[in-house]
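Student: This is the structure, below, for whatever I ask next.
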Amino acid sequence: MYNIKIPLGASTILDTLGKQGFEAYVVGGCVRDSLLWLTPKDWDICTAATPQEVESCFDGYRIIETGLKHGTVTVVMDDGQYEVTTFRTDGVYSDNRRPDSVEFVKDIREDLARRDFTVNAMAYNPSLGLVDPFGGQSDLAAGRISCVGNADDRFNEDALRVMRALRFASVYGFTIADETAEVVHRNASLLNNIAVERINTELCKLLCGKGCLDLLLNYSDVITTIIPELTPCVGFDQNNRYHQYTIYDHIAHAVSNYTGVDVTTKVALLLHDIGKPQCYTEDENGGHFYGHGIPGKEIAEQVVDRLRFDSVTQKDVAELVLFHDSLIEPTPKAVRRWLNKVGETQLYRLLDMHTADALAHTAGMQQSRVDKCVEIRKIVDDILASEQCFSLKHLDINGKDIISLGVPEGKVVGAILQELLCQVIDEQVANEREALIQKAKEMIK
Ligand code: ATP
Ligand code: MG
């Protein structure tokens with residue numbers, strides 16, 4: 001009667017434990033996602049059996065002692081690995097992060113009571129049915145994230161839940177229940193006690209969620225807690241006919257307008273106008289932010305470094321912020337130059353950003369910019385499909401060739417190749433060996 005299709009490995013685990021007299025359920029995210037008709041990412045199991053009892057039930061199976069202290073062992077089945085956790089309550093939280101201790105309990109309801117949100121606090125066993133003591137099903141139906149029990153306590157125990165509330169709401173397009181929302185706002189600053197790696201994971205999921213616009217708009221206090229550099233953008237009137245939103249609201253719309261799945265693009269959009277407040281000038285036409293990509297890049301670098309993004313993402317985001325406002329002419333020459341400068345992945349990202357950015361401008365001011373992105377994208381596709389030359393590695397001549405013309409090894413060789421590449425990109429010479437050697441000889445002379 002419920003759409004909960006338990007995979008074979010997990011149902012074998014439930015049966016095996018059940019036959020030994022131990023209650024066991026699939027629990028948490030897999031139940032929530034199944035009831036939303038989504039495919040669960042993983043199937044967690046909880047049981048009345050202690051970790052030792054679980055281990056002896058699965059004698060002969062591979063067992064990984066994942067987190068014995070917290071009651072978790074991983075059982076390896078043919079179709080995958082399953083975390084099996086003993087019903088537990090959490091002890092005191094003295095650091096807003098993790099319980100000082102956990103205590104094993106016999107009642108599933110006590111275990112569900114320690115979980116963060118009602119939609120995550122449901123458990124299911126095919127013969128015992130759905131256990132939903134906190135109204136998870138009705139919150140799912142209403143599209144609502146609300147805390148299990150007292151919201152204040154929950155966020156004080158583990159402040160990451162502030163970000164998790166936003167993340168789940170964004171991913172499922174839900175709203176946060178009034179009482180929970182009020183406590184989220186009140187406890188946002190507790191996020192300062194949380195490891196940034198955990199915040200990073202939740203932030204990325206939030207940005208990629210279909211409901212991210214409402215969350216970014218309504219919880220700017222949470223976002224500026226983790227990225228204080230955005231604070232000057234909040235409420236900043238752009239005083240410009242192309243802009244109907246404040247800087248921060250424009251950013252939120254731009255993030256939301258990009259509906260792809262690339263996290264780098266999402267993060268770059270979140271930071272793309274972060275340099276604007278300090279570049280503001282006014283004239284008779286209103287407000288301007290000339291050159292804001294340059295300080296924007298500097299600030300973005302600090303943000304992504306502090307949030308511990310990997311080094312490639314850090315570099316890519318900084319470059320995208322720097323160039324997000326650059327003009328790209330829709331001509332093959334100009335596009336080849338851009339391909340040379342940033343590479344194809346980043347150029348496609350820049351086009352996605354331009355589109356998302358344009359759509360977040362005043363209605364009526366968008367279409368020509370969006371059309372231009374479509375046009376440029378076609379040119380990029382065409383350059384790549386026809387394998388046109390836009391980088392040194394495509395050049396039909398290399399350093400050895402230049403050296404064999406009598407140029408001593410060193411910087412000059414590189415400079416000659418670079419100049420030849422520019423001429424090929426600009427169609428002043430064909431990318432053909434003979435022609436390039438001829439050009440090189442002229443240069444050497
Ligand atoms: P997903 O796997 O889609 O990110 P999930 O709900 O499965 O979402 P997990 O982090 O895998 O999230 O956690 C599994 C379950 O453990 C959750 O559904 C929830 O019941 C509980 N849980 C996880 N993190 C917390 C937390 N910080 N506070 C309270 N309960 C939590
Ligand atoms: Mg999970």
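Chain labels A, B, ... are given in the sequence in which chains occur in the structure tokens; within each chain residues are numbered consecutively from 1, and ligands are likewise numbered from 1 in the order shown.
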Could you list, as a PyMOL selection string, all protein and nucleic acid residues with an atom at most 12 Å from ligand 2, counting only C-alpha atoms and all ligand atoms?
Tutor: chain A and resi 26-33+39-45+82-83+120+168
Student: Counting only C-alpha atoms, what is within 8 Å of Lys276 in chain A, bar same-chain residues fewer than 5 positions away, as a count of residues only?
Tutor: 6
Student: With a distance cut-off of 12 Å and only C-alpha atoms, select the neighbouring residues of Gln418 in chain A, excluding the residue or stretch itself and same-chain residues fewer than 6 positions from it, and output the selection as a ChimeraX atom specification.
Tutor: /A:340,390-395,397-399,402,411-412,424-425,436,440,443
Student: Kindly save the residues from that selection, with N, CA and C atoms included, as a short mmCIF file (atom, residue, chain, number, x, y, z; two decimals), in the first residue's frame.
Tutor:
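Everything below was put into out_10.cif:
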data_model
loop_
_atom_site.label_atom_id
_atom_site.label_comp_id
_atom_site.auth_asym_id
_atom_site.auth_seq_id
_atom_site.Cartn_x
_atom_site.Cartn_y
_atom_site.Cartn_z
N ASN A 340 40.50 29.86 -26.05
CA ASN A 340 41.92 29.84 -25.72
C ASN A 340 42.15 30.31 -24.28
N PHE A 390 42.33 26.42 -31.36
CA PHE A 390 42.27 27.57 -30.44
C PHE A 390 43.25 27.44 -29.29
N SER A 391 44.09 26.36 -29.32
CA SER A 391 45.11 26.29 -28.26
C SER A 391 46.39 25.71 -28.85
N LEU A 392 47.49 25.93 -28.11
CA LEU A 392 48.80 25.51 -28.62
C LEU A 392 48.82 24.04 -29.00
N LYS A 393 48.05 23.24 -28.26
CA LYS A 393 48.12 21.81 -28.56
C LYS A 393 47.48 21.46 -29.91
N HIS A 394 46.64 22.37 -30.42
CA HIS A 394 46.05 22.13 -31.75
C HIS A 394 46.95 22.63 -32.88
N LEU A 395 47.95 23.42 -32.54
CA LEU A 395 48.75 24.07 -33.57
C LEU A 395 49.54 23.01 -34.35
N ILE A 397 52.30 22.84 -35.52
CA ILE A 397 53.74 23.08 -35.44
C ILE A 397 54.06 23.14 -33.95
N ASN A 398 55.27 22.74 -33.56
CA ASN A 398 55.56 22.79 -32.12
C ASN A 398 56.93 23.39 -31.84
N GLY A 399 57.34 23.38 -30.59
CA GLY A 399 58.58 24.02 -30.16
C GLY A 399 59.80 23.48 -30.91
N ILE A 402 60.32 25.11 -34.20
CA ILE A 402 60.85 26.47 -34.10
C ILE A 402 62.36 26.41 -33.83
N LYS A 411 62.45 31.15 -23.87
CA LYS A 411 61.20 31.91 -23.89
C LYS A 411 60.75 32.31 -25.29
N VAL A 412 61.72 32.65 -26.14
CA VAL A 412 61.41 33.14 -27.48
C VAL A 412 60.60 32.10 -28.26
N VAL A 424 46.51 32.29 -36.15
CA VAL A 424 45.59 31.23 -36.61
C VAL A 424 44.18 31.52 -36.10
N ILE A 425 44.09 31.86 -34.82
CA ILE A 425 42.77 32.17 -34.24
C ILE A 425 42.12 33.32 -35.01
N LEU A 436 52.72 27.77 -41.51
CA LEU A 436 53.17 28.21 -40.18
C LEU A 436 54.69 28.36 -40.15
N ALA A 440 56.76 31.64 -39.33
CA ALA A 440 57.76 31.64 -38.26
C ALA A 440 59.07 32.22 -38.79
N MET A 443 58.94 35.88 -38.93
CA MET A 443 59.07 36.48 -37.60
C MET A 443 60.52 36.48 -37.14
#
Student: Mind the document's chain letters and residue numbers, and return as a PyMOL selection string the residues of range 125-226 of chain A that DSSP labels strand (DSSP E).
Tutor: chain A and resi 125+129-131+144-145+175-176
Student: List every residue of range 109-304 of chain A that DSSP, applied to the backbone, labels as alpha helix (DSSP H), and write the result as an MDAnalysis selection string.
Tutor: chainID A and resid 109:113 136:142 151:157 160:172 178:187 196:208 212:218 220:226 247:257 263:271 293:304
Student: For ligand 1, which residue out of A:Glu182, A:Lys205, A:Thr50, A:Ser56 is the nearest one, using only C-alpha atoms and all ligand atoms?
Tutor: A:Lys205
Student: In terms of the shortest atom-to-atom distance over only C-alpha atoms and all ligand atoms, which of A:Gln20, A:Leu160, A:Thr47, A:Leu35 is closest to ligand 1?
Tutor: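 Nearest candidate to ligand 1 out of A:Gln20, A:Leu160, A:Thr47, A:Leu35: A:Leu160.
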Student: Quick one: of A:Ala358, A:Met353, A:Cys279, A:Met122, who's nearest to ligand 1, counting only C-alpha atoms and all ligand atoms?
Tutor: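 Of A:Ala358, A:Met353, A:Cys279, A:Met122, the one nearest ligand 1 is A:Met122, counting only C-alpha atoms and all ligand atoms.
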Student: Would you pick out the contacts of Gly136 in chain A at 8 Å or less, using only C-alpha atoms, so that residues sharing its chain but fewer than 2 positions from it are not included, and give the list as a VMD selection string?
Tutor: chain A and resid 117 to 122 132 to 134 138 to 140
Student: Could you dump the residues just selected with all heavy atoms as an mmCIF file, in the first residue's frame?
Tutor:
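Output below, filename selection.cif:
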data_model
loop_
_atom_site.group_PDB
_atom_site.id
_atom_site.type_symbol
_atom_site.label_atom_id
_atom_site.label_comp_id
_atom_site.auth_asym_id
_atom_site.auth_seq_id
_atom_site.Cartn_x
_atom_site.Cartn_y
_atom_site.Cartn_z
ATOM 1 N N PHE A 117 13.860 16.129 11.364
ATOM 2 C CA PHE A 117 12.580 16.626 10.842
ATOM 3 C C PHE A 117 11.562 15.490 10.728
ATOM 4 O O PHE A 117 11.939 14.331 10.531
ATOM 5 C CB PHE A 117 12.798 17.291 9.474
ATOM 6 C CG PHE A 117 13.872 18.345 9.529
ATOM 7 C CD1 PHE A 117 15.075 18.189 8.861
ATOM 8 C CD2 PHE A 117 13.694 19.482 10.324
ATOM 9 C CE1 PHE A 117 16.084 19.138 8.953
ATOM 10 C CE2 PHE A 117 14.696 20.439 10.426
ATOM 11 C CZ PHE A 117 15.887 20.267 9.745
ATOM 12 N N THR A 118 10.303 15.847 10.835
ATOM 13 C CA THR A 118 9.257 14.812 10.833
ATOM 14 C C THR A 118 9.337 13.941 9.590
ATOM 15 O O THR A 118 9.136 12.734 9.663
ATOM 16 C CB THR A 118 7.861 15.459 10.892
ATOM 17 O OG1 THR A 118 7.688 16.271 9.716
ATOM 18 C CG2 THR A 118 7.684 16.317 12.135
ATOM 19 N N VAL A 119 9.663 14.566 8.433
ATOM 20 C CA VAL A 119 9.704 13.779 7.189
ATOM 21 C C VAL A 119 10.862 12.781 7.195
ATOM 22 O O VAL A 119 10.874 11.836 6.398
ATOM 23 C CB VAL A 119 9.801 14.695 5.943
ATOM 24 C CG1 VAL A 119 8.552 15.548 5.806
ATOM 25 C CG2 VAL A 119 11.058 15.565 5.965
ATOM 26 N N ASN A 120 11.839 13.003 8.088
ATOM 27 C CA ASN A 120 12.976 12.086 8.207
ATOM 28 C C ASN A 120 12.794 11.107 9.360
ATOM 29 O O ASN A 120 13.682 10.306 9.632
ATOM 30 C CB ASN A 120 14.264 12.884 8.475
ATOM 31 C CG ASN A 120 14.734 13.646 7.262
ATOM 32 O OD1 ASN A 120 14.308 13.354 6.147
ATOM 33 N ND2 ASN A 120 15.594 14.630 7.474
ATOM 34 N N ALA A 121 11.682 11.222 10.052
ATOM 35 C CA ALA A 121 11.490 10.429 11.269
ATOM 36 C C ALA A 121 10.395 9.380 11.076
ATOM 37 O O ALA A 121 9.492 9.243 11.887
ATOM 38 C CB ALA A 121 11.169 11.353 12.448
ATOM 39 N N MET A 122 10.483 8.683 9.949
ATOM 40 C CA MET A 122 9.540 7.588 9.691
ATOM 41 C C MET A 122 10.330 6.312 9.417
ATOM 42 O O MET A 122 11.429 6.366 8.848
ATOM 43 C CB MET A 122 8.675 7.917 8.463
ATOM 44 C CG MET A 122 7.698 9.050 8.703
ATOM 45 S SD MET A 122 6.653 9.349 7.251
ATOM 46 C CE MET A 122 7.755 10.324 6.241
ATOM 47 N N ASP A 132 5.095 6.296 12.125
ATOM 48 C CA ASP A 132 5.160 7.737 11.815
ATOM 49 C C ASP A 132 4.584 8.532 12.985
ATOM 50 O O ASP A 132 3.517 9.122 12.894
ATOM 51 C CB ASP A 132 4.365 7.987 10.516
ATOM 52 C CG ASP A 132 4.284 9.464 10.169
ATOM 53 O OD1 ASP A 132 5.092 10.266 10.691
ATOM 54 O OD2 ASP A 132 3.394 9.822 9.350
ATOM 55 N N PRO A 133 5.316 8.567 14.110
ATOM 56 C CA PRO A 133 4.718 9.164 15.312
ATOM 57 C C PRO A 133 4.637 10.691 15.289
ATOM 58 O O PRO A 133 3.950 11.274 16.122
ATOM 59 C CB PRO A 133 5.657 8.707 16.437
ATOM 60 C CG PRO A 133 6.896 8.245 15.793
ATOM 61 C CD PRO A 133 6.648 8.001 14.349
ATOM 62 N N PHE A 134 5.334 11.356 14.344
ATOM 63 C CA PHE A 134 5.398 12.824 14.418
ATOM 64 C C PHE A 134 4.726 13.533 13.246
ATOM 65 O O PHE A 134 4.942 14.712 13.011
ATOM 66 C CB PHE A 134 6.868 13.263 14.539
ATOM 67 C CG PHE A 134 7.564 12.634 15.701
ATOM 68 C CD1 PHE A 134 8.476 11.603 15.504
ATOM 69 C CD2 PHE A 134 7.262 13.038 16.991
ATOM 70 C CE1 PHE A 134 9.094 10.998 16.591
ATOM 71 C CE2 PHE A 134 7.875 12.437 18.080
ATOM 72 C CZ PHE A 134 8.792 11.408 17.886
ATOM 73 N N SER A 138 1.925 13.666 6.885
ATOM 74 C CA SER A 138 1.118 14.851 6.601
ATOM 75 C C SER A 138 2.018 16.039 6.244
ATOM 76 O O SER A 138 1.652 16.867 5.403
ATOM 77 C CB SER A 138 0.137 15.166 7.734
ATOM 78 O OG SER A 138 0.847 15.569 8.863
ATOM 79 N N ASP A 139 3.216 16.105 6.808
ATOM 80 C CA ASP A 139 4.142 17.161 6.384
ATOM 81 C C ASP A 139 4.613 16.947 4.946
ATOM 82 O O ASP A 139 4.765 17.910 4.195
ATOM 83 C CB ASP A 139 5.337 17.257 7.341
ATOM 84 C CG ASP A 139 5.002 18.083 8.593
ATOM 85 O OD1 ASP A 139 4.014 18.857 8.540
ATOM 86 O OD2 ASP A 139 5.712 17.956 9.607
ATOM 87 N N LEU A 140 4.824 15.687 4.573
ATOM 88 C CA LEU A 140 5.185 15.426 3.169
ATOM 89 C C LEU A 140 4.061 15.897 2.256
ATOM 90 O O LEU A 140 4.304 16.540 1.232
ATOM 91 C CB LEU A 140 5.413 13.928 2.926
ATOM 92 C CG LEU A 140 6.759 13.318 3.279
ATOM 93 C CD1 LEU A 140 6.780 11.848 2.846
ATOM 94 C CD2 LEU A 140 7.912 14.077 2.622
#
Student: Compare A:Tyr2, A:Tyr290, A:Tyr242, A:Tyr93 by their minimum atom-to-atom distance to ligand 1, counting only C-alpha atoms and all ligand atoms, and give me the closest one.
Tutor: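 Going through A:Tyr2, A:Tyr290, A:Tyr242, A:Tyr93 one by one, the smallest distance to ligand 1 is for A:Tyr93.
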